[in-house]
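**Student:** For reference, the structure I am asking about is given below.
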Amino acid sequence: MLFRDAQAKTIHLKDYHAPDYLIDKTVLRIQLKDDETLVTAALSMRRAQPDRKGGSNELTLDGQELELRKVSIDNTELDPANYGVTADSLIISSVPDVFELETVVATKPQNNTSLEGLYKSSKMYCTQCEAEGFRKITYYLDRPDVMAEFITTIEADKKRYPILLSNGNPVAQGELENGRHWATWHDPFKKPAYLFAMVAGDLACIEDSFTTMSGRDIDLRIYVEDKDVDKCDHAMASLKSAMTWDEEVYGREYDLELFMVVAVDDFNMGAMENKGLNIFNTSCVFAKPETTTDAGFQRVEAVVAHEYFHNWSGNRVTCRDWFQLSLKEGFTVFRDAEFSADMGSPTVKRVEDVNLLRTMQFAEDGGPTAHPVQPASFMEISNFYTLTIYEKGSEIVRMIHALLGAEQFRAGSDLYFERHDGQAVTIEDFVAAMSEVSGREFGQFQNWYRQAGTPRLAITGDYNAADKIYRLDIKQTCPATPECEKKAPFLIPLRMGLLGSEGDLPLFLEGKANGETELVLEITEGEQTIIFEQVYEQPVPSFLRGFSAPVKLDFAYSRDDLVQLMSRDSDGFNRWEACNQLALGVLQELVSAYLAGTELSLDKRLIEAYRGLLTDPTTDKAMVALMLNLPTEAYLSEVAEVIEVEAIHQARQFARRTLGQVLEDEFMAVYQANDAQLKDQPYVASGEQIAMRSLKNTALAYLTQGGSAMALEFASEQFQCADNMTDSSAALAALVNSLAANEGGMAEAALQDFYQRWQDEPLVVNLWFQLQAWCLLPGGLDRVLALLEHEAFDISNPNKVRAVIAAFGMGNAINFHTADGAGYTFLTDQIITLNKLNPQIASRLVTPLTKWRKYPPQRAELMKAQLERLLGEPALSKDVYEIVNKSLA
């Protein structure tokens with residue numbers, strides 16, 4: 001317990017101070033051997049402020065899990081009396097103002113299950129240094145505001161590790177005795193240690209090139225195991241599209257001679273933007289119709305773009321400290337979202353992003369681990385790679401873009417990159433650039449960065465028919481969060497219009513000539529009144545068009561109002577939103593009826609709205625598929641005051657079943673029409689085909705839930721005959737979640753067939769695991785326990801853990817939240833196991849338990865008991881301790 005408490009030190013933004021020493025050049029020699037790896041680090045160091053008076057000449061370097069073999073300063077080896085080693089640092093008692101420091105350390109990457117620093121993935125050596133992994137490679141000033149030029153030489157056995165890679169450009173290579181070889185890489189751009197990378201392995205490579213806007217030719221390489229070469233074409237095409245887009249939209253040109261991607265199966269994250277050598281989870285590189293779903297193709301495109309865009313928003317301009325993490329991540333998520341919108345449907349992309357934000361990030365904002373986008377403190381930085389930092393951070397950048405407009409935003413980003421190229425800076429520096437080009441003052445806007453919580457807009461409308469005036473009274477509030485009870489008002493951009501019987505009405509703000517059909521109102525006060533004049537009929541307001549701010553909205557729409565918005569709103573996002581809110585209201589009504597023990601009945605307006613979607617050939621198919629998706633159980637839980645697991649599940653299943661039965665003919669017609677059309681075309685991951693497959697498989701899911709015997713035949717035939725993973729996995733999911741298919745043995749037969757077909761494809765096996773972990777039929781925990789014993793499951797592989805344990809705990813509420821608490825005990829057991837192997841992954845699994853206060857008392861106590869059990873674990877990692885401690889506070 002004492003060890004744990006000693007590790008759980010809180011770091012505060014207010015305590016930031018610039019480094020006492022800087023590193024101008026880092027020269028590494030990494031000797032990979034079977035029993036150990038030797039790392040020699042030669043650091044050209046100097047005092048940051050050589051003229052300062054007083055102070056200490058002591059130097060403290062970060063280091064963990066290292067065996068120190070030698071320390072030298074200016075070629076003179078130090079006596080052990082002149083330095084000390086702790087579990088986390090190397091402390092040298094006295095150093096000059098300018099000096100060369102050399103250390104030699106030994107590490108054991110083959111035993112590194114945390115997957116931070118240098119580790120082995122299968123037969124490959126690789127690294128992950130963000131946020132603080134470099135200190136597991138060598139002693140260093142492992143902080144983002146210490147930036148150095150890197151020269152890296154790697155030595156290894158040539159037969160087993162013929163490919164030796166690091167950041168930058170290759171400068172030399174050669175042979176050594178005993179079948180070993182070496183390669184040297186030079187990165188001329190100064191970078192912090194978290195962007196360091198190296199890879200050694202027996203890898204195949206696909207190559208291409210890109211000519212920049214200034215006429216420079218860039219070599220592009222993707223390194224994978226030989227068996228996976230045929231899965232990389234889409235990633236390469238995505239990379240070239242991203243490079244083109246970044247030049248056209250942001251004027252950013254790639255700077256090195258070479259851009260490399262390496263795919264790794266054992267990886268805690270999705271991918272990492274190491275300068276010139278991006279290391280990716282295989283799930284974010286591999287894409288092939290037979291083994292990858294449409295969603296997988298889209299994810300590869302988005303993640304490849306995200307990591308490439310980091311070359312400027314994160315690498316050339318980086319973070320001063322980890323409190324500024326959203327400076328690079330929020331900005332880059334915004335950039336990749338805009339890229340994906342341009343590559344496909346902007347409305348569909350926006351709906352998908354908002355769904356994630358409102359379901360997961362809003363829940364994070366309302367829970368015990370809520371934190372501002374620019375947090376004031378943390379214990380373990382790995383716990384702050386959150387949806388708040390990424391997705392809410394992106395929404396804040398989106399609001400700046402909306403307030404300034406595309407032209408001024410581009411001018412602001414140009415100024416930001418030019419002013420801070422090669423620097424480690426802050427969120428305030430980014431906002432200052434936007435302020436300077438626009439002349440806007442962003443003081444109040446900064447509350448979005450500094451205050452946690454999701455603001456709520458409560459709006460009432462009053463129409464005065466005699467005076468043709470429509471009045472809006474707007475009140476903004478934000479609930480208390482752990483860091484702050486009382487919140488200052490936010491600046492909220494409220495993009496809106498008014499709908500009449502024929503569509504959008506012209507808008508005339510009181511005392512201002514306008515007449516446009518859409519305005520962005522800036523809500524800055526706790527209470528504010530907006531008056532529209534010359535309103536000649538009772539309007540239906542259309543608020544938050546394009547989801548213009550990450551807020552919750554309270555407005556008393558009638559269901560007839562929502563139907564009108566669905567059919568007439570000129571904003572595609574709000575048409576979807578009206579449908580979503582109509583369905584949400586109906587489902588909440590069903591939840592109440594279930595809890596009251598009254599008969600469930602589905603509102604005919606929802607049925608007719610869905611019928612209209614299914615029979616209207618003019619509506620975009622991708623939008624129809626989105627609008628037909630009922631709000632998820634996770635979203636129903638997020639908006640509920642108290643999460644009633646069974647009631648939410650039964651209400652949603654009743655709605656799905658009823659819609660599948662009442663609209664069987666319409667769903668059948670949609671399924672057959674799209675299936676027939678797709679059969680005449682070879683698979684392409686195009687927007688048009690993705691929309692057709694999405695709509696077809698949505699219809700199939702409704703039909704099987706409705707109990708249609710013909711639908712089971714369709715699902716079985718689709719599963720057997722599909723030429724792509726999207727259709728195959730959708731059919732398998734339909735069978736796995738069908739009671740009839742399970743009772744008749746169809747589901748089990750399909751599962752066995754699928755595994756036998758794809759057992760040599762790890763990513764497909766992960767999908768197979770996930771579909772079973774997500775199955776909503778009774779007996780979920782027993783199925784998951786069986787999966788843990790399966791030959792293909794490996795608890796040391798993060799992808800496998802996410803596919804089984806995380807999928808069950810976070811995506812299968814009805815089976816996870818059993819009344820006896822067995823699901824909670826199961827999850828806690830896995831967290832305890834993983835705490836010793838991989839604390840990062842362990843801490844992320846705690847999330848379902850952190851929401852215990854939102855459940856009824858009996859369930860809440862069971863969840864709380866498991867958190868207390870975790871807190872009592874000896875040697876609990878900082879990662880897990882921080883989440884558990886905050887959850888119980």
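The way I read the labels, and the way they are meant: chains A, B, ... in the order of the structure tokens, residue 1 as the first residue of every chain, and ligand 1 as the first ligand shown, with later ones counted on from there.
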Which polymer residues have any atom within 8 Å of an atom of A:Lys864, counting only C-alpha atoms, with same-chain residues fewer than 6 positions away left out, as a PyMOL selection string?

**Tutor:** chain A and resi 849+852+888

**Student:** Considering only C-alpha atoms, return as a ChimeraX atom specification whatever protein or nucleic-acid residues lie within 8 Å of A:Ser283, sequence-local ones (same chain, fewer than 6 positions apart) excluded.

**Tutor:** /A:265,270,296,300,763

**Student:** Could those selected residues go to a file with N, CA and C atoms, as a short mmCIF file (atom, residue, chain, number, x, y, z; two decimals), in the first residue's frame?

**Tutor:**
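For reference, result25.cif as written:
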data_model
loop_
_atom_site.label_atom_id
_atom_site.label_comp_id
_atom_site.auth_asym_id
_atom_site.auth_seq_id
_atom_site.Cartn_x
_atom_site.Cartn_y
_atom_site.Cartn_z
N ASP A 265 0.80 -5.87 -34.18
CA ASP A 265 -0.41 -6.51 -33.64
C ASP A 265 -0.61 -6.20 -32.16
N GLY A 270 -4.42 3.15 -31.16
CA GLY A 270 -4.76 2.92 -32.56
C GLY A 270 -3.54 3.10 -33.44
N GLY A 296 -14.34 -0.71 -41.09
CA GLY A 296 -12.90 -0.89 -41.00
C GLY A 296 -12.17 -0.10 -42.07
N VAL A 300 -9.50 2.92 -41.23
CA VAL A 300 -8.13 2.99 -41.75
C VAL A 300 -7.89 4.34 -42.40
N LEU A 763 -7.34 -10.18 -37.00
CA LEU A 763 -8.34 -9.11 -36.90
C LEU A 763 -9.75 -9.63 -37.12
#

**Student:** Report as JSON lines: every residue of stretch 193-286 of chain A with an atom at most 12 Å from stretch 9-32 of chain A, its closest pair of atoms, and their distance in Å to one decimal, counting only C-alpha atoms, with rows sorted by chain and ascending residue number.

**Tutor:**
{"residue": "A:Ala193", "atom": "CA", "partner": "A:Thr26", "partner_atom": "CA", "distance": 9.5}
{"residue": "A:Phe196", "atom": "CA", "partner": "A:Thr26", "partner_atom": "CA", "distance": 10.6}
{"residue": "A:Ala197", "atom": "CA", "partner": "A:Leu28", "partner_atom": "CA", "distance": 11.5}
{"residue": "A:Met198", "atom": "CA", "partner": "A:Ile30", "partner_atom": "CA", "distance": 9.4}
{"residue": "A:Val199", "atom": "CA", "partner": "A:Leu32", "partner_atom": "CA", "distance": 10.8}
{"residue": "A:Ala200", "atom": "CA", "partner": "A:Leu32", "partner_atom": "CA", "distance": 8.8}
{"residue": "A:Gly201", "atom": "CA", "partner": "A:Leu32", "partner_atom": "CA", "distance": 11.0}

**Student:** For all heavy atoms, I'd like the residues from the last selection saved as a PDB file, in the first residue's frame.

**Tutor:**
ATOM      1  N   ALA A 193      11.173  13.388 -26.773  1.00  0.00           N
ATOM      2  CA  ALA A 193      11.418  11.945 -26.741  1.00  0.00           C
ATOM      3  C   ALA A 193      10.167  11.130 -27.022  1.00  0.00           C
ATOM      4  O   ALA A 193      10.253   9.995 -27.507  1.00  0.00           O
ATOM      5  CB  ALA A 193      11.998  11.551 -25.382  1.00  0.00           C
ATOM      6  N   PHE A 196      10.021   9.631 -30.459  1.00  0.00           N
ATOM      7  CA  PHE A 196      11.042   8.682 -30.908  1.00  0.00           C
ATOM      8  C   PHE A 196      10.396   7.346 -31.263  1.00  0.00           C
ATOM      9  O   PHE A 196       9.431   6.907 -30.630  1.00  0.00           O
ATOM     10  CB  PHE A 196      12.086   8.453 -29.823  1.00  0.00           C
ATOM     11  CG  PHE A 196      13.039   7.340 -30.145  1.00  0.00           C
ATOM     12  CD1 PHE A 196      14.083   7.547 -31.027  1.00  0.00           C
ATOM     13  CD2 PHE A 196      12.865   6.070 -29.596  1.00  0.00           C
ATOM     14  CE1 PHE A 196      14.960   6.506 -31.346  1.00  0.00           C
ATOM     15  CE2 PHE A 196      13.734   5.034 -29.901  1.00  0.00           C
ATOM     16  CZ  PHE A 196      14.785   5.256 -30.783  1.00  0.00           C
ATOM     17  N   ALA A 197      10.958   6.683 -32.277  1.00  0.00           N
ATOM     18  CA  ALA A 197      10.489   5.338 -32.641  1.00  0.00           C
ATOM     19  C   ALA A 197      11.620   4.534 -33.240  1.00  0.00           C
ATOM     20  O   ALA A 197      12.543   5.080 -33.858  1.00  0.00           O
ATOM     21  CB  ALA A 197       9.338   5.418 -33.641  1.00  0.00           C
ATOM     22  N   MET A 198      11.567   3.226 -33.038  1.00  0.00           N
ATOM     23  CA  MET A 198      12.441   2.299 -33.753  1.00  0.00           C
ATOM     24  C   MET A 198      11.717   0.982 -33.930  1.00  0.00           C
ATOM     25  O   MET A 198      10.836   0.617 -33.138  1.00  0.00           O
ATOM     26  CB  MET A 198      13.765   2.093 -33.031  1.00  0.00           C
ATOM     27  CG  MET A 198      13.693   1.427 -31.679  1.00  0.00           C
ATOM     28  SD  MET A 198      14.958   0.142 -31.426  1.00  0.00           S
ATOM     29  CE  MET A 198      14.342  -1.217 -32.407  1.00  0.00           C
ATOM     30  N   VAL A 199      12.065   0.285 -34.997  1.00  0.00           N
ATOM     31  CA  VAL A 199      11.472  -1.016 -35.314  1.00  0.00           C
ATOM     32  C   VAL A 199      12.577  -1.913 -35.846  1.00  0.00           C
ATOM     33  O   VAL A 199      13.443  -1.460 -36.609  1.00  0.00           O
ATOM     34  CB  VAL A 199      10.357  -0.882 -36.367  1.00  0.00           C
ATOM     35  CG1 VAL A 199       9.928  -2.253 -36.890  1.00  0.00           C
ATOM     36  CG2 VAL A 199       9.164  -0.128 -35.806  1.00  0.00           C
ATOM     37  N   ALA A 200      12.564  -3.172 -35.435  1.00  0.00           N
ATOM     38  CA  ALA A 200      13.479  -4.167 -35.988  1.00  0.00           C
ATOM     39  C   ALA A 200      12.690  -5.448 -36.211  1.00  0.00           C
ATOM     40  O   ALA A 200      12.037  -5.947 -35.285  1.00  0.00           O
ATOM     41  CB  ALA A 200      14.643  -4.417 -35.047  1.00  0.00           C
ATOM     42  N   GLY A 201      12.733  -5.967 -37.428  1.00  0.00           N
ATOM     43  CA  GLY A 201      11.980  -7.184 -37.694  1.00  0.00           C
ATOM     44  C   GLY A 201      12.213  -7.708 -39.097  1.00  0.00           C
ATOM     45  O   GLY A 201      12.938  -7.112 -39.896  1.00  0.00           O
TER      46      GLY A 201
END

**Student:** List every residue of stretch 600-644 of chain A that DSSP, applied to the backbone of this structure, places in helix (DSSP H, G or I), and write the result as a ChimeraX atom specification.

**Tutor:** /A:604-615,621-628,633-639

**Student:** Quick one: contact table of stretch 234-333 of chain A to stretch 784-807 of chain A, 7 Å max, nearest atom pair and distance in Å to one decimal per residue, counting only C-alpha atoms, chain and number order, as a Markdown table?

**Tutor:**
| residue | atom | partner | partner_atom | distance |
| --- | --- | --- | --- | --- |
| A:Asp266 | CA | A:Asn797 | CA | 5.5 |
| A:Phe267 | CA | A:Pro798 | CA | 6.4 |
| A:Asn268 | CA | A:Pro798 | CA | 5.9 |

**Student:** Stretch 491-576 of chain A: which residues are strand (DSSP E) by DSSP, as an NGL selection string?

**Tutor:** :A and (492-500 or 503-504 or 508-509 or 519-523 or 527-533 or 540-542 or 552-554)

**Student:** Which one of A:Ala87, A:Cys775, A:Val684, A:Val351 sits closest to A:Gly546 if you count only C-alpha atoms?

**Tutor:**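 Of A:Ala87, A:Cys775, A:Val684, A:Val351, the one nearest A:Gly546, counting only C-alpha atoms, is A:Val351.
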
**Student:** Quick one: of A:Met45, A:Gly405, A:Arg135, A:Leu871, who's nearest to A:Val95, counting only C-alpha atoms?

**Tutor:**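 Nearest to A:Val95: A:Met45.
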
**Student:** So that I can see what lies close to stretch 641-650 of chain A, please list as a list of chain:residue names the residues with an atom at most 9 Å from it, counting only C-alpha atoms and leaving out residues fewer than 3 positions away in the same chain.

**Tutor:**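 Near stretch 641-650 of chain A, the qualifying residues are A:Leu587, A:Gln588, A:Leu590, A:Val591, A:Ser592, A:Ala593, A:Tyr594, A:Leu595, A:Glu633, A:Leu636, A:Ser637, A:Glu638, A:Gln653, A:Phe654, A:Ala655, A:Ala813, A:Ile814, A:His817, A:Thr818, A:Arg853, A:Lys854, A:Tyr855, A:Pro856.
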
**Student:** Using only C-alpha atoms, which protein or nucleic acid residues come within 10 Å of A:Glu253? Drop anything in the same chain fewer than 6 positions from it, and give the result as a list in words.

**Tutor:** Thr211, Thr212, Met213, Ser214, Arg216, Met243, Thr244, Asp246, Glu247, Asn311 and Trp312 of chain A

**Student:** A:Asn742, A:Thr359, A:Thr107, A:Thr828: which is nearest A:Thr40, counting only C-alpha atoms?

**Tutor:** A:Thr107

**Student:** Work out how far atom CA of A:Phe259 is from atom CA of A:Asp226, in Å to one decimal.

**Tutor:**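 Between atom CA of A:Asp226 and atom CA of A:Phe259 the gap works out to 19.6 Å.
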
**Student:** When you look at A:His186 with a cut-off of 9 Å (counting only C-alpha atoms), what residues show up, excluding the ones that are within fewer than 6 positions of it in the same chain? I need them as a JSON list (two decimals) with N, CA, C and O atoms, in the first residue's frame.

**Tutor:**
[["chain", "number", "residue", "atom", "x", "y", "z"],
["A", 149, "GLU", "N", 17.67, 17.01, -31.67],
["A", 149, "GLU", "CA", 17.98, 16.31, -32.91],
["A", 149, "GLU", "C", 18.40, 14.88, -32.54],
["A", 149, "GLU", "O", 19.15, 14.68, -31.59],
["A", 150, "PHE", "N", 17.90, 13.88, -33.28],
["A", 150, "PHE", "CA", 18.19, 12.48, -32.96],
["A", 150, "PHE", "C", 19.01, 11.82, -34.07],
["A", 150, "PHE", "O", 18.69, 11.95, -35.25],
["A", 151, "ILE", "N", 20.03, 11.08, -33.66],
["A", 151, "ILE", "CA", 20.76, 10.16, -34.53],
["A", 151, "ILE", "C", 20.70, 8.80, -33.86],
["A", 151, "ILE", "O", 21.14, 8.64, -32.72],
["A", 152, "THR", "N", 20.16, 7.81, -34.55],
["A", 152, "THR", "CA", 19.91, 6.50, -33.94],
["A", 152, "THR", "C", 20.55, 5.40, -34.75],
["A", 152, "THR", "O", 20.33, 5.30, -35.97],
["A", 153, "THR", "N", 21.34, 4.59, -34.09],
["A", 153, "THR", "CA", 21.93, 3.40, -34.72],
["A", 153, "THR", "C", 21.38, 2.16, -34.03],
["A", 153, "THR", "O", 21.38, 2.07, -32.80],
["A", 166, "SER", "N", 14.18, 3.76, -37.93],
["A", 166, "SER", "CA", 14.00, 4.77, -36.89],
["A", 166, "SER", "C", 13.51, 6.05, -37.54],
["A", 166, "SER", "O", 13.24, 6.08, -38.74],
["A", 167, "ASN", "N", 13.43, 7.13, -36.76],
["A", 167, "ASN", "CA", 12.90, 8.39, -37.27],
["A", 167, "ASN", "C", 13.84, 9.02, -38.29],
["A", 167, "ASN", "O", 15.05, 8.88, -38.21],
["A", 168, "GLY", "N", 13.25, 9.76, -39.23],
["A", 168, "GLY", "CA", 14.03, 10.59, -40.12],
["A", 168, "GLY", "C", 14.43, 9.91, -41.41],
["A", 168, "GLY", "O", 13.67, 9.16, -42.01],
["A", 169, "ASN", "N", 15.68, 10.16, -41.82],
["A", 169, "ASN", "CA", 16.20, 9.63, -43.08],
["A", 169, "ASN", "C", 17.34, 8.65, -42.81],
["A", 169, "ASN", "O", 18.13, 8.86, -41.89],
["A", 170, "PRO", "N", 17.45, 7.58, -43.61],
["A", 170, "PRO", "CA", 18.57, 6.65, -43.43],
["A", 170, "PRO", "C", 19.88, 7.29, -43.92],
["A", 170, "PRO", "O", 19.90, 7.93, -44.96],
["A", 171, "VAL", "N", 20.94, 7.12, -43.13],
["A", 171, "VAL", "CA", 22.21, 7.76, -43.52],
["A", 171, "VAL", "C", 23.35, 6.76, -43.69],
["A", 171, "VAL", "O", 24.32, 7.06, -44.38]]

**Student:** I want to know what sits within 7 Å of stretch 470-476 of chain A, based on only C-alpha atoms, with residues of the same chain fewer than 4 positions away left out; could you give that as a VMD selection string?

**Tutor:** chain A and resid 455 to 464 526 to 533 535

**Student:** Give me the residues within 8 Å of A:Leu630 as a CSV table (one decimal) with C-alpha atoms, in the first residue's frame, counting only C-alpha atoms and dropping any in the same chain fewer than 3 places off.

**Tutor:**
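That gives us out.csv:
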chain,number,residue,atom,x,y,z
A,580,ASN,CA,-33.4,10.5,-33.1
A,583,ALA,CA,-37.4,7.8,-31.2
A,584,LEU,CA,-35.8,8.8,-27.9
A,627,MET,CA,-32.2,7.5,-39.1
A,652,ARG,CA,-35.6,-1.0,-27.0
A,656,ARG,CA,-37.1,-3.2,-32.6

**Student:** My list of candidates is A:Leu403, A:Ala673, A:Leu582, A:Leu614. Which is closest to A:Ala549 when distances are computed with only C-alpha atoms?

**Tutor:**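 Under the stated criterion, the closest residue is A:Leu403.
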
**Student:** Tell me which of A:Lys878, A:His310, A:Lys621, A:Lys836 sits closest to A:Val348, counting only C-alpha atoms.

**Tutor:**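 Smallest distance to A:Val348 is found for A:Lys621.
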